[in-house]
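> What follows is the file model_6.txt, containing compact mmCIF, C-alpha atoms and all ligand atoms:
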```txt
# COMPACT_ATOMS: atom_id res chain seq x y z
CA GLY A 19 57.62 -166.15 68.12
CA ALA A 20 60.48 -168.49 68.98
CA THR A 21 60.28 -171.10 71.72
CA LEU A 22 62.63 -171.00 74.72
CA GLY A 23 63.32 -174.31 76.46
CA VAL A 24 64.06 -175.00 80.11
CA MET A 25 65.47 -178.06 81.85
CA GLY A 26 63.49 -178.60 85.05
CA GLY A 27 59.88 -177.87 85.91
CA GLY A 28 60.06 -176.41 89.43
CA GLN A 29 58.94 -172.98 90.62
CA LEU A 30 62.02 -171.29 89.13
CA GLY A 31 61.09 -172.72 85.74
CA ARG A 32 57.52 -171.58 86.22
CA MET A 33 58.58 -167.99 86.86
CA PHE A 34 60.96 -168.19 83.87
CA VAL A 35 58.02 -169.33 81.72
CA HIS A 36 55.90 -166.41 82.92
CA ALA A 37 58.68 -163.94 82.05
CA ALA A 38 59.32 -165.54 78.65
CA GLN A 39 55.64 -165.45 77.76
CA SER A 40 55.47 -161.81 78.72
CA LEU A 41 58.26 -161.04 76.24
CA GLY A 42 56.45 -162.89 73.46
CA TYR A 43 58.12 -166.31 73.54
CA ALA A 44 56.56 -169.73 73.61
CA THR A 45 58.07 -172.12 76.14
CA ALA A 46 58.96 -175.80 76.44
CA VAL A 47 59.70 -177.51 79.77
CA LEU A 48 61.42 -180.85 80.33
CA ASP A 49 60.54 -182.53 83.63
CA ALA A 50 59.69 -186.11 84.54
CA ASP A 51 56.67 -184.96 86.57
CA PRO A 52 53.70 -184.41 84.23
CA ALA A 53 52.23 -181.95 86.77
CA SER A 54 55.40 -179.93 87.46
CA PRO A 55 54.84 -176.24 88.38
CA ALA A 56 56.49 -175.01 85.15
CA GLY A 57 55.07 -177.77 82.96
CA LEU A 58 51.56 -176.73 83.98
CA VAL A 59 51.98 -173.22 82.53
CA ALA A 60 54.30 -173.90 79.56
CA HIS A 61 53.17 -174.24 75.95
CA ARG A 62 54.88 -177.57 75.65
CA HIS A 63 55.74 -180.09 78.34
CA VAL A 64 58.19 -182.90 77.67
CA ALA A 65 57.63 -185.51 80.38
CA SER A 66 61.02 -187.15 80.51
CA ALA A 67 63.99 -187.94 82.73
CA TYR A 68 66.90 -185.52 82.32
CA LEU A 69 69.17 -188.00 80.56
CA ASP A 70 66.58 -189.70 78.38
CA GLU A 71 67.65 -189.35 74.73
CA ALA A 72 64.13 -189.08 73.29
CA GLY A 73 63.23 -186.37 75.83
CA LEU A 74 66.37 -184.34 75.11
CA ALA A 75 65.74 -184.64 71.37
CA ALA A 76 62.14 -183.46 71.79
CA LEU A 77 63.21 -180.44 73.89
CA ALA A 78 65.94 -179.50 71.39
CA GLU A 79 63.54 -179.95 68.48
CA ALA A 80 61.01 -177.59 70.08
CA SER A 81 63.42 -174.90 71.33
CA ALA A 82 65.49 -172.14 69.74
CA ALA A 83 67.66 -171.93 72.89
CA ILE A 84 67.68 -173.76 76.24
CA THR A 85 68.39 -172.86 79.87
CA THR A 86 68.17 -174.66 83.21
CA GLU A 87 66.22 -173.92 86.36
CA PHE A 88 67.45 -176.71 88.63
CA GLU A 89 70.96 -176.73 90.01
CA ASN A 90 71.32 -180.48 89.77
CA VAL A 91 70.29 -181.10 86.17
CA PRO A 92 73.13 -183.41 85.02
CA ALA A 93 75.73 -181.28 83.23
CA GLN A 94 75.97 -184.14 80.74
CA ALA A 95 72.37 -183.50 79.65
CA LEU A 96 73.24 -179.85 78.96
CA GLU A 97 76.25 -180.98 76.95
CA ARG A 98 74.08 -183.22 74.81
CA LEU A 99 71.60 -180.41 74.22
CA ALA A 100 74.43 -178.01 73.35
CA ALA A 101 75.36 -180.22 70.39
CA ARG A 102 72.01 -179.21 68.85
CA ARG A 103 70.99 -175.82 70.25
CA PRO A 104 72.50 -172.86 72.12
CA VAL A 105 72.48 -173.66 75.87
CA ALA A 106 73.03 -171.04 78.60
CA PRO A 107 74.56 -171.33 81.12
CA ALA A 108 77.05 -173.76 79.55
CA ALA A 109 77.55 -177.24 80.98
CA ALA A 110 81.11 -176.39 82.05
CA ALA A 111 79.95 -173.47 84.23
CA VAL A 112 77.07 -175.47 85.70
CA ARG A 113 79.53 -178.26 86.54
CA VAL A 114 81.63 -175.87 88.65
CA CYS A 115 78.54 -174.78 90.60
CA GLN A 116 77.50 -178.42 91.12
CA ASP A 117 80.64 -179.43 92.97
CA ARG A 118 81.73 -177.67 96.14
CA ALA A 119 85.37 -178.61 95.56
CA ALA A 120 85.42 -177.16 92.03
CA GLU A 121 83.44 -174.16 93.26
CA LYS A 122 85.96 -173.38 96.01
CA ALA A 123 88.83 -173.78 93.54
CA HIS A 124 87.08 -171.23 91.33
CA PHE A 125 86.68 -168.80 94.26
CA ARG A 126 90.39 -169.09 94.96
CA GLN A 127 91.33 -168.62 91.31
CA ALA A 128 89.16 -165.50 91.07
CA GLY A 129 90.72 -164.10 94.27
CA VAL A 130 87.45 -164.30 96.25
CA PRO A 131 87.89 -165.41 99.90
CA CYS A 132 85.90 -168.46 101.07
CA ALA A 133 85.69 -170.44 104.33
CA PRO A 134 88.75 -172.45 105.42
CA HIS A 135 88.04 -175.98 104.25
CA ALA A 136 89.42 -179.41 103.34
CA LEU A 137 88.32 -182.03 100.83
CA ILE A 138 87.47 -185.45 102.25
CA ALA A 139 87.28 -188.23 99.69
CA SER A 140 89.28 -190.91 101.53
CA ALA A 141 89.97 -192.19 105.05
CA GLU A 142 93.49 -190.70 104.80
CA GLN A 143 92.08 -187.26 104.07
CA LEU A 144 89.66 -187.68 106.96
CA ASP A 145 92.52 -188.38 109.36
CA ALA A 146 94.61 -185.53 107.99
CA VAL A 147 91.98 -182.83 108.63
CA PRO A 148 93.60 -179.90 110.49
CA ALA A 149 92.19 -179.37 114.01
CA GLY A 150 91.56 -175.72 113.12
CA LEU A 151 88.61 -176.70 110.88
CA LEU A 152 86.64 -177.97 113.89
CA PRO A 153 83.95 -177.29 114.89
CA GLY A 154 82.89 -177.46 111.26
CA ILE A 155 80.20 -178.37 108.77
CA LEU A 156 80.65 -181.46 106.61
CA LYS A 157 78.91 -181.01 103.23
CA THR A 158 78.60 -183.49 100.38
CA ALA A 159 80.51 -182.09 97.41
CA GLN A 160 77.52 -182.72 95.14
CA LEU A 161 73.71 -182.75 95.15
CA GLY A 162 73.04 -180.93 98.44
CA TYR A 163 70.50 -178.12 98.72
CA ASP A 164 68.32 -176.49 101.40
CA GLY A 165 70.83 -177.71 104.00
CA LYS A 166 70.35 -181.34 102.97
CA GLY A 167 73.55 -183.36 102.69
CA GLN A 168 75.33 -181.50 105.46
CA VAL A 169 76.12 -182.30 109.09
CA ARG A 170 77.48 -180.06 111.84
CA VAL A 171 80.43 -181.68 113.60
CA GLY A 172 82.15 -180.67 116.84
CA ASP A 173 85.13 -183.02 117.03
CA ARG A 174 86.98 -185.75 115.15
CA ALA A 175 84.71 -188.55 116.37
CA ALA A 176 81.64 -186.66 115.19
CA LEU A 177 83.37 -185.94 111.89
CA ALA A 178 84.09 -189.61 111.25
CA ALA A 179 80.50 -190.54 112.16
CA ALA A 180 79.14 -187.78 109.87
CA TRP A 181 81.23 -188.98 106.94
CA ASP A 182 79.81 -192.49 107.45
CA GLN A 183 76.32 -191.02 107.68
CA LEU A 184 76.83 -189.24 104.33
CA GLY A 185 77.79 -192.57 102.74
CA ARG A 186 81.55 -191.77 102.59
CA ARG A 187 80.85 -189.73 99.50
CA PRO A 188 83.33 -186.97 98.51
CA CYS A 189 82.73 -184.12 100.94
CA VAL A 190 84.02 -180.70 101.89
CA LEU A 191 84.59 -179.91 105.56
CA GLU A 192 84.23 -176.19 106.23
CA GLN A 193 85.16 -174.37 109.37
CA ARG A 194 81.98 -173.24 111.13
CA LEU A 195 82.06 -169.44 110.97
CA ALA A 196 80.31 -167.00 113.31
CA LEU A 197 78.00 -165.25 110.85
CA ARG A 198 77.09 -161.61 111.36
CA ALA A 199 74.85 -161.68 108.30
CA GLU A 200 74.29 -163.48 105.02
CA ILE A 201 73.89 -161.71 101.69
CA SER A 202 73.59 -162.71 98.04
CA VAL A 203 74.11 -161.12 94.66
CA VAL A 204 72.23 -162.09 91.50
CA VAL A 205 74.26 -161.16 88.43
CA ALA A 206 73.21 -161.55 84.79
CA ARG A 207 75.82 -161.81 82.04
CA GLY A 208 75.09 -161.72 78.33
CA ALA A 209 76.91 -163.58 75.57
CA ASP A 210 78.67 -160.27 74.76
CA GLY A 211 80.07 -160.07 78.30
CA ALA A 212 77.76 -157.26 79.46
CA MET A 213 76.75 -157.61 83.12
CA VAL A 214 74.00 -156.20 85.34
CA GLU A 215 72.97 -157.21 88.84
CA LEU A 216 70.08 -157.02 91.27
CA PRO A 217 70.52 -154.92 94.40
CA VAL A 218 72.29 -156.84 97.21
CA GLN A 219 69.97 -159.00 99.30
CA GLN A 220 70.25 -159.92 103.00
CA ASN A 221 69.10 -163.44 103.85
CA LEU A 222 67.94 -165.20 106.99
CA HIS A 223 68.03 -169.02 106.97
CA ARG A 224 66.17 -171.37 109.29
CA ASP A 225 67.31 -175.00 109.45
CA GLY A 226 69.47 -174.45 106.35
CA ILE A 227 66.52 -173.17 104.26
CA LEU A 228 66.06 -169.56 103.20
CA ALA A 229 63.28 -168.01 105.31
CA VAL A 230 63.45 -164.20 104.86
CA THR A 231 65.16 -161.85 102.38
CA GLN A 232 65.43 -158.10 102.97
CA VAL A 233 66.38 -155.50 100.37
CA PRO A 234 68.23 -153.25 100.91
CA PRO A 235 70.28 -155.17 103.53
CA PRO A 236 69.61 -153.66 106.98
CA ASP A 237 72.85 -154.86 108.61
CA VAL A 238 75.61 -154.70 105.99
CA ALA A 239 77.85 -151.69 105.24
CA PRO A 240 77.64 -150.24 101.71
CA ALA A 241 81.36 -150.82 101.12
CA LEU A 242 80.91 -154.53 101.81
CA GLN A 243 77.90 -154.67 99.52
CA ALA A 244 79.96 -153.09 96.74
CA GLU A 245 82.68 -155.68 97.33
CA ALA A 246 80.10 -158.48 97.04
CA VAL A 247 78.98 -157.10 93.68
CA ARG A 248 82.59 -156.86 92.44
CA SER A 249 83.25 -160.44 93.54
CA ALA A 250 80.08 -161.80 91.92
CA ARG A 251 80.99 -160.05 88.66
CA ALA A 252 84.53 -161.42 88.81
CA LEU A 253 83.20 -164.95 89.38
CA ALA A 254 80.74 -164.70 86.47
CA GLY A 255 83.31 -163.10 84.17
CA SER A 256 86.05 -165.62 84.83
CA LEU A 257 83.61 -168.48 84.19
CA GLY A 258 82.69 -166.93 80.83
CA TYR A 259 79.19 -167.29 82.21
CA VAL A 260 76.07 -166.59 80.15
CA GLY A 261 72.82 -166.40 82.10
CA VAL A 262 71.80 -165.59 85.67
CA LEU A 263 74.20 -166.52 88.48
CA CYS A 264 73.63 -166.11 92.22
CA VAL A 265 76.54 -165.88 94.65
CA GLU A 266 75.90 -166.33 98.40
CA PHE A 267 78.21 -164.62 100.89
CA PHE A 268 78.73 -164.63 104.65
CA VAL A 269 79.66 -161.51 106.60
CA VAL A 270 82.05 -162.55 109.40
CA ASP A 271 83.95 -160.72 112.14
CA ASP A 272 87.55 -159.88 111.37
CA GLY A 273 88.08 -157.16 113.96
CA SER A 274 87.05 -154.37 111.53
CA ALA A 275 83.87 -152.33 111.99
CA ASP A 276 82.19 -153.64 108.81
CA GLY A 277 83.36 -157.26 109.08
CA ALA A 278 84.72 -159.29 106.17
CA LEU A 279 83.12 -160.98 103.21
CA VAL A 280 83.41 -164.75 102.63
CA ALA A 281 81.89 -166.46 99.56
CA ASN A 282 79.70 -169.47 100.41
CA GLU A 283 78.40 -170.96 97.16
CA MET A 284 77.01 -170.19 93.71
CA ALA A 285 73.79 -171.21 91.98
CA PRO A 286 73.76 -171.33 88.15
CA ARG A 287 70.23 -169.92 87.83
CA PRO A 288 67.84 -167.41 89.38
CA HIS A 289 67.72 -167.79 93.16
CA ASN A 290 65.13 -167.83 95.91
CA SER A 291 66.76 -164.73 97.42
CA GLY A 292 66.09 -162.82 94.17
CA HIS A 293 62.33 -163.43 94.12
CA HIS A 294 61.67 -159.94 95.49
CA SER A 295 62.77 -158.61 92.07
CA LEU A 296 59.40 -159.67 90.60
CA ASP A 297 57.68 -156.98 92.67
CA ALA A 298 60.38 -154.63 93.95
CA CYS A 299 62.55 -154.10 90.84
CA ASP A 300 61.75 -152.81 87.38
CA VAL A 301 63.41 -155.90 85.84
CA SER A 302 63.08 -159.31 87.52
CA GLN A 303 65.75 -162.01 87.70
CA PHE A 304 63.56 -164.18 85.45
CA GLU A 305 63.30 -161.49 82.80
CA LEU A 306 67.10 -161.20 82.97
CA GLN A 307 67.32 -164.97 82.42
CA VAL A 308 65.09 -164.64 79.33
CA ARG A 309 67.11 -161.70 78.04
CA THR A 310 70.46 -163.49 78.41
CA LEU A 311 69.07 -166.60 76.70
CA ALA A 312 67.44 -164.71 73.84
CA GLY A 313 70.34 -162.29 73.27
CA LEU A 314 68.23 -159.28 74.24
CA PRO A 315 69.84 -156.18 75.79
CA LEU A 316 70.37 -156.24 79.56
CA ALA A 317 68.94 -153.20 81.33
CA ALA A 318 70.23 -152.55 84.85
CA PRO A 319 67.52 -153.39 87.39
CA ARG A 320 66.45 -150.59 89.71
CA LEU A 321 64.95 -151.28 93.13
CA HIS A 322 61.85 -149.09 93.11
CA SER A 323 60.59 -150.24 96.53
CA PRO A 324 62.30 -151.60 99.63
CA ALA A 325 61.11 -155.17 100.08
CA VAL A 326 60.88 -158.11 102.46
CA MET A 327 60.33 -161.61 101.05
CA LEU A 328 58.93 -164.43 103.19
CA ASN A 329 59.28 -168.03 102.01
CA LEU A 330 56.12 -170.13 102.36
CA LEU A 331 57.11 -173.71 103.16
CA GLY A 332 54.73 -176.66 103.29
CA ASP A 333 54.93 -176.65 107.09
CA LEU A 334 52.48 -173.74 107.05
CA TRP A 335 49.78 -176.08 105.73
CA PHE A 336 50.03 -178.29 108.82
CA ARG A 337 49.84 -175.71 111.57
CA GLY A 338 46.61 -177.10 112.94
CA GLY A 339 48.55 -180.15 114.14
CA ASP A 340 46.22 -182.18 111.95
CA ASP A 341 47.48 -184.76 109.48
CA ALA A 342 45.51 -183.17 106.66
CA ALA A 343 46.89 -180.12 104.84
CA VAL A 344 44.93 -176.90 105.43
CA GLU A 345 45.30 -173.87 103.14
CA PRO A 346 46.83 -170.94 105.08
CA PRO A 347 44.63 -167.86 105.62
CA TRP A 348 45.62 -165.87 102.51
CA PRO A 349 42.86 -163.21 102.82
CA ALA A 350 44.33 -162.18 106.18
CA VAL A 351 47.67 -161.28 104.58
CA LEU A 352 46.22 -159.95 101.34
CA ALA A 353 44.38 -157.39 103.47
CA LEU A 354 47.76 -155.80 104.28
CA PRO A 355 49.16 -153.06 101.99
CA GLY A 356 51.91 -154.01 99.51
CA VAL A 357 51.63 -157.80 99.88
CA HIS A 358 52.39 -159.76 96.68
CA LEU A 359 51.51 -163.45 97.00
CA HIS A 360 53.12 -166.02 94.68
CA LEU A 361 51.96 -169.64 94.91
CA TYR A 362 53.70 -172.24 92.77
CA GLY A 363 50.80 -174.53 91.93
CA LYS A 364 52.15 -177.59 93.73
CA ALA A 365 49.34 -180.05 94.32
CA GLU A 366 50.61 -181.44 97.60
CA ALA A 367 52.04 -179.55 100.58
CA ARG A 368 54.85 -181.29 102.46
CA PRO A 369 56.96 -180.00 105.36
CA GLY A 370 60.07 -178.25 104.04
CA ARG A 371 58.67 -178.05 100.50
CA LYS A 372 58.74 -174.60 98.90
CA MET A 373 55.07 -173.88 98.13
CA GLY A 374 55.28 -170.15 97.44
CA HIS A 375 56.59 -166.85 98.71
CA LEU A 376 55.23 -163.43 99.48
CA THR A 377 56.97 -160.11 99.02
CA VAL A 378 56.01 -156.97 100.89
CA THR A 379 56.88 -153.71 99.15
CA ALA A 380 56.51 -150.26 100.71
CA ALA A 381 57.68 -146.68 100.26
CA ASP A 382 60.31 -147.15 102.99
CA ALA A 383 62.20 -150.09 104.48
CA GLY A 384 60.75 -149.60 107.98
CA THR A 385 57.19 -149.96 106.68
CA ALA A 386 58.05 -152.99 104.52
CA CYS A 387 59.58 -154.68 107.55
CA ALA A 388 56.66 -153.84 109.86
CA VAL A 389 54.08 -155.11 107.37
CA ALA A 390 56.11 -158.28 106.72
CA ARG A 391 56.26 -158.93 110.48
CA GLU A 392 52.51 -158.53 110.69
CA ALA A 393 52.06 -160.88 107.70
CA ALA A 394 54.33 -163.46 109.36
CA ALA A 395 52.31 -163.20 112.58
CA ARG A 396 48.99 -163.60 110.75
CA LEU A 397 50.27 -166.73 108.98
CA GLY A 398 51.88 -168.16 112.12
CA LEU A 399 55.43 -167.94 110.75
CA PRO A 400 58.21 -167.50 113.35
CA PRO A 401 59.12 -163.85 114.04
CA PHE A 402 62.25 -162.41 112.36
P1 LIG B 501 71.07 -173.83 99.28
O1 LIG B 501 69.64 -174.24 99.37
O2 LIG B 501 71.30 -172.37 99.55
O3 LIG B 501 71.76 -174.30 98.02
P2 LIG B 501 72.87 -175.63 100.66
O4 LIG B 501 72.28 -176.91 101.11
O5 LIG B 501 73.75 -175.63 99.45
O6 LIG B 501 71.74 -174.55 100.54
P3 LIG B 501 74.72 -173.93 102.19
O7 LIG B 501 74.35 -172.69 101.50
O8 LIG B 501 76.09 -174.44 102.01
O9 LIG B 501 73.69 -175.14 101.92
O10 LIG B 501 74.44 -173.77 103.75
C1 LIG B 501 73.15 -173.49 104.22
C2 LIG B 501 73.23 -172.51 105.37
O11 LIG B 501 74.01 -173.09 106.46
C3 LIG B 501 73.97 -171.23 105.04
O12 LIG B 501 73.13 -170.30 104.38
C4 LIG B 501 74.39 -170.79 106.43
O13 LIG B 501 73.31 -170.25 107.15
C5 LIG B 501 74.79 -172.10 107.08
N1 LIG B 501 76.23 -172.38 106.83
C6 LIG B 501 76.75 -173.03 105.77
N2 LIG B 501 78.08 -173.09 105.82
C7 LIG B 501 78.45 -172.48 106.95
C8 LIG B 501 79.72 -172.23 107.61
N3 LIG B 501 80.88 -172.62 107.06
N4 LIG B 501 79.71 -171.58 108.79
C9 LIG B 501 78.53 -171.18 109.35
N5 LIG B 501 77.32 -171.39 108.80
C10 LIG B 501 77.26 -172.02 107.62
MG MG B 502 73.56 -174.82 97.64
MG MG B 503 73.17 -171.87 100.11
```
Represent the structure of the file as structure tokens.
Ligand code: ATP
Ligand code: MG
Ligand code: MG


Amino acid sequence: GATLGVMGGGQLGRMFVHAAQSLGYATAVLDADPASPAGLVAHRHVASAYLDEAGLAALAEASAAITTEFENVPAQALERLAARRPVAPAAAAVRVCQDRAAEKAHFRQAGVPCAPHALIASAEQLDAVPAGLLPGILKTAQLGYDGKGQVRVGDRAALAAAWDQLGRRPCVLEQRLALRAEISVVVARGADGAMVELPVQQNLHRDGILAVTQVPPPDVAPALQAEAVRSARALAGSLGYVGVLCVEFFVVDDGSADGALVANEMAPRPHNSGHHSLDACDVSQFELQVRTLAGLPLAAPRLHSPAVMLNLLGDLWFRGGDDAAVEPPWPAVLALPGVHLHLYGKAEARPGRKMGHLTVTAADAGTACAVAREAAARLGLPPF
């Protein structure tokens, strides 16, 4: 069969490769690391930097169509690939998701509310920040992820210091909102404009990194969930997006019983919060990525089991307080019913590094939650 190519060799690329193989495709991965998680399981691995001409030529040569798995693959590399092969999502859409200023402009244009914010790219803009945005969070406009590249600031002095700390790069200052909950929507859009989405996910972050996802959301009204889906579809549609797009939302207090929805950011690829779909839905987000890339029909995913996903960060390997990494006690969690363990094949555990995840499925949400809490306790993860 044909070969599908992917820019980036991380865990998202690895799960894309698995889904592509299952549908009968060969796969090619471009990543500078010769032992990248996706490169290890792909048919073909191009060990190259993203902007290296020979690497891009080799990937294009090998692939019938190409996608991306890493948010920060230079949009320019996708443009160069697109001169030779179909690329989805397109560089222009990825570029919007890579820049918080462009992203917020897109939210506004699509009529989707986002946090009050100001752009800071100069000392004048720093001085002109309205007092109402403080306390706030200063975020670099580009290249941040997992809460990296952002600083919480309480007053103007802290803001100025934070901007220095971030190297005076272009930033967005957002008002710090009191969050009632966080949710996300993974939408897939085909080249013909057809759209389907995963069920809405509720997310708990620790230190800016996703820790727990629950589906269905335990704390968010159905009307708000429906609004999140409408907004995600509007954002994908107005970008002319082809591929899998994740939109993160906050639920904030506005005096109403349900609260109000505020868009946070978008990711131009499958998302950590959609990993439950591998085990809890009849179509996963990675299969949707393959289908959009290959021009296959999109079938609407159905959640067949309530699910709780726990992220497994490298910190878990160092719980003994020792300097050496120790494999967590997997048999203890695999003894529990409905536990699906996914490890990404990364050779070295490091604190904060995403090493794997586990999803608990059950016949009802209460059981999934209880088993996930027991799994967290057995691994020594903080309670949720
Ligand atoms: P990701 O890994 O999801 O791409 P990121 O580094 O791009 O993360 P954000 O999603 O912007 O970071 O923020 C990380 C987390 O910080 C959010 O999920 C939320 O918990 C918190 N946060 C971000 N912005 C705000 C805000 N304006 N008010 C309150 N909390 C916020
Ligand atoms: Mg982000
Ligand atoms: Mg985020």

> Point out the residue among A:Gly172, A:Gly226, A:Gly374, A:Gly185 with the least atom-to-atom distance to A:Gly154, counting only C-alpha atoms.

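That would be A:Gly172, the residue with the smallest distance to A:Gly154.
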
> May I ask which of the residues A:Leu354, A:Glu266, A:Ala82, A:Gln219 is the closest one to A:Ala44, counting only C-alpha atoms?

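Checking each candidate against A:Ala44, we get A:Ala82 as the closest.
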
> Hey, which of A:Pro235, A:Pro131, A:Gly273, A:Gly26 ends up closest to A:Glu89? Count only C-alpha atoms.

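Closest residue, counting only C-alpha atoms: A:Gly26.
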
> Could you give me, as a PyMOL selection string, the residues within 8 Å of A:Leu22, counting only C-alpha atoms and dropping anything in the same chain fewer than 2 positions from it?

chain A and resi 20+24+38+43-46+81-85+312

> Find the residues near ligand MG 503 (chain B). Use a cut-off of 9 Å, count all atoms listed in the file, and write them as a compact mmCIF listing (two decimals) with C-alpha atoms, keeping the file's coordinate frame.


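Okay, this is what ended up in out_24.txt:
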```txt
# COMPACT_ATOMS: atom_id res chain seq x y z
CA TYR A 163 70.50 -178.12 98.72
CA ASP A 164 68.32 -176.49 101.40
CA GLY A 165 70.83 -177.71 104.00
CA GLY A 226 69.47 -174.45 106.35
CA ILE A 227 66.52 -173.17 104.26
CA LEU A 228 66.06 -169.56 103.20
CA VAL A 265 76.54 -165.88 94.65
CA GLU A 266 75.90 -166.33 98.40
CA PHE A 267 78.21 -164.62 100.89
CA ASN A 282 79.70 -169.47 100.41
CA GLU A 283 78.40 -170.96 97.16
CA MET A 284 77.01 -170.19 93.71
CA ALA A 285 73.79 -171.21 91.98
```

> Between atom CA of A:Ser54 and atom CA of A:Arg207, what is the distance in Å, rounded to a tenth?

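Computing the Euclidean distance for atom CA of A:Ser54 and atom CA of A:Arg207 yields 27.8 Å.
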
> List as a PyMOL selection string: which residues have an atom within 8 Å of (80.4, -180.9, 105.8), counting only C-alpha atoms?

chain A and resi 154-158+167-171+189-192

> As AutoDock Vina command-line options, please report the centre and edge lengths, rounded to one decimal in Å, of the axis-aligned box that holds all listed atoms of stretch 63-66 of chain A with 6 Å of padding on each of the six sides.


```
--center_x 58.4 --center_y -183.6 --center_z 79.1 --size_x 17.3 --size_y 19.1 --size_z 14.8
```

> Please report the interatomic distance between atom CA of A:Ala80 and atom CA of A:Ala110 in Å with one decimal.

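Computed distance, atom CA of A:Ala80 to atom CA of A:Ala110, equals 23.4 Å.
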
> From the set A:Pro217, A:Gly162, A:Gly332, A:Gly208, which residue has the shortest atom-to-atom contact distance to ligand MG 502 (chain B), counting all atoms listed in the file?

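Distance minimum relative to ligand MG 502 (chain B) lands on A:Gly162.
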
> Expressed in Å to a single decimal, how great is the separation between atom CA of A:Ala67 and atom CA of A:Tyr362?

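Separation of atom CA of A:Ala67 and atom CA of A:Tyr362: 21.3 Å.
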
> Please determine, counting all atoms listed in the file, which residue among A:Leu77, A:Cys115, A:Ala343, A:Leu361 has the shortest atom-to-atom distance to A:Gln29.

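Looking only at the distances to A:Gln29, the closest residue turns out to be A:Leu361.
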
> Got a sec: who's within 12 Å of A:Pro234, counting all atoms listed in the file, leaving out chain neighbours fewer than 5 positions off, as an MDAnalysis selection string?

chainID A and resid 201:203 216:221 239:240 243 292 294:295 298:299 320:327 379 382:384 386:387

> Using all atoms listed in the file, give me every residue within 9 Å of (52.9, -166.6, 95.3) in file coordinates, as a list in words.

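All residues meeting the 9 Å criterion around (52.9, -166.6, 95.3) are Leu330, His358, Leu359, His360, Leu361, Tyr362, Gly363, Met373, Gly374, His375, Leu376 and Thr377 of chain A.
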
> Using all atoms listed in the file, pick whichever of A:Ala159, A:Ala50, A:Leu306, A:Cys132 has the shortest atom-to-atom distance to A:Ala119.

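Looking at the shortest contact to A:Ala119, the residue is A:Ala159.
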
> Could you list, as a list in words, every residue within 9 Å of A:Arg391, counting all atoms listed in the file and ignoring same-chain residues fewer than 5 positions away?

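Result of the neighbour search: Ala386, Arg396, Pro401 and Phe402 of chain A.
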
> Print the selection's residues with C-alpha atoms to a file, as a PDB file, keeping the file's coordinate frame.


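This is the output file again.pdb:
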```pdb
ATOM      1  CA  ALA A 386      58.050-152.990 104.520  1.00  0.00           C
ATOM      2  CA  ARG A 396      48.990-163.600 110.750  1.00  0.00           C
ATOM      3  CA  PRO A 401      59.120-163.850 114.040  1.00  0.00           C
ATOM      4  CA  PHE A 402      62.250-162.410 112.360  1.00  0.00           C
TER       5      PHE A 402
END
```

> Do a neighbour search on A:Phe34 at 12 Å with all atoms listed in the file, toss out local chain neighbours closer than 5 positions, and write the hits as a VMD selection string.

chain A and resid 22 to 29 39 to 41 43 to 47 55 to 57 59 to 60 84 to 88 262 287 to 289 293 296 302 to 311

> Quick one: residues within 12 Å of A:Ala75, all atoms listed in the file, excluding same-chain residues fewer than 3 positions away - as a VMD selection string?

chain A and resid 23 48 64 66 to 72 78 to 81 95 to 96 98 to 103

> Just write the chosen residues, C-alpha atoms, as a compact mmCIF listing (two decimals), in the coordinates of the input.


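Saved the output as out_37.txt:
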```
# COMPACT_ATOMS: atom_id res chain seq x y z
CA GLY A 23 63.32 -174.31 76.46
CA LEU A 48 61.42 -180.85 80.33
CA VAL A 64 58.19 -182.90 77.67
CA SER A 66 61.02 -187.15 80.51
CA ALA A 67 63.99 -187.94 82.73
CA TYR A 68 66.90 -185.52 82.32
CA LEU A 69 69.17 -188.00 80.56
CA ASP A 70 66.58 -189.70 78.38
CA GLU A 71 67.65 -189.35 74.73
CA ALA A 72 64.13 -189.08 73.29
CA ALA A 78 65.94 -179.50 71.39
CA GLU A 79 63.54 -179.95 68.48
CA ALA A 80 61.01 -177.59 70.08
CA SER A 81 63.42 -174.90 71.33
CA ALA A 95 72.37 -183.50 79.65
CA LEU A 96 73.24 -179.85 78.96
CA ARG A 98 74.08 -183.22 74.81
CA LEU A 99 71.60 -180.41 74.22
CA ALA A 100 74.43 -178.01 73.35
CA ALA A 101 75.36 -180.22 70.39
CA ARG A 102 72.01 -179.21 68.85
CA ARG A 103 70.99 -175.82 70.25
```
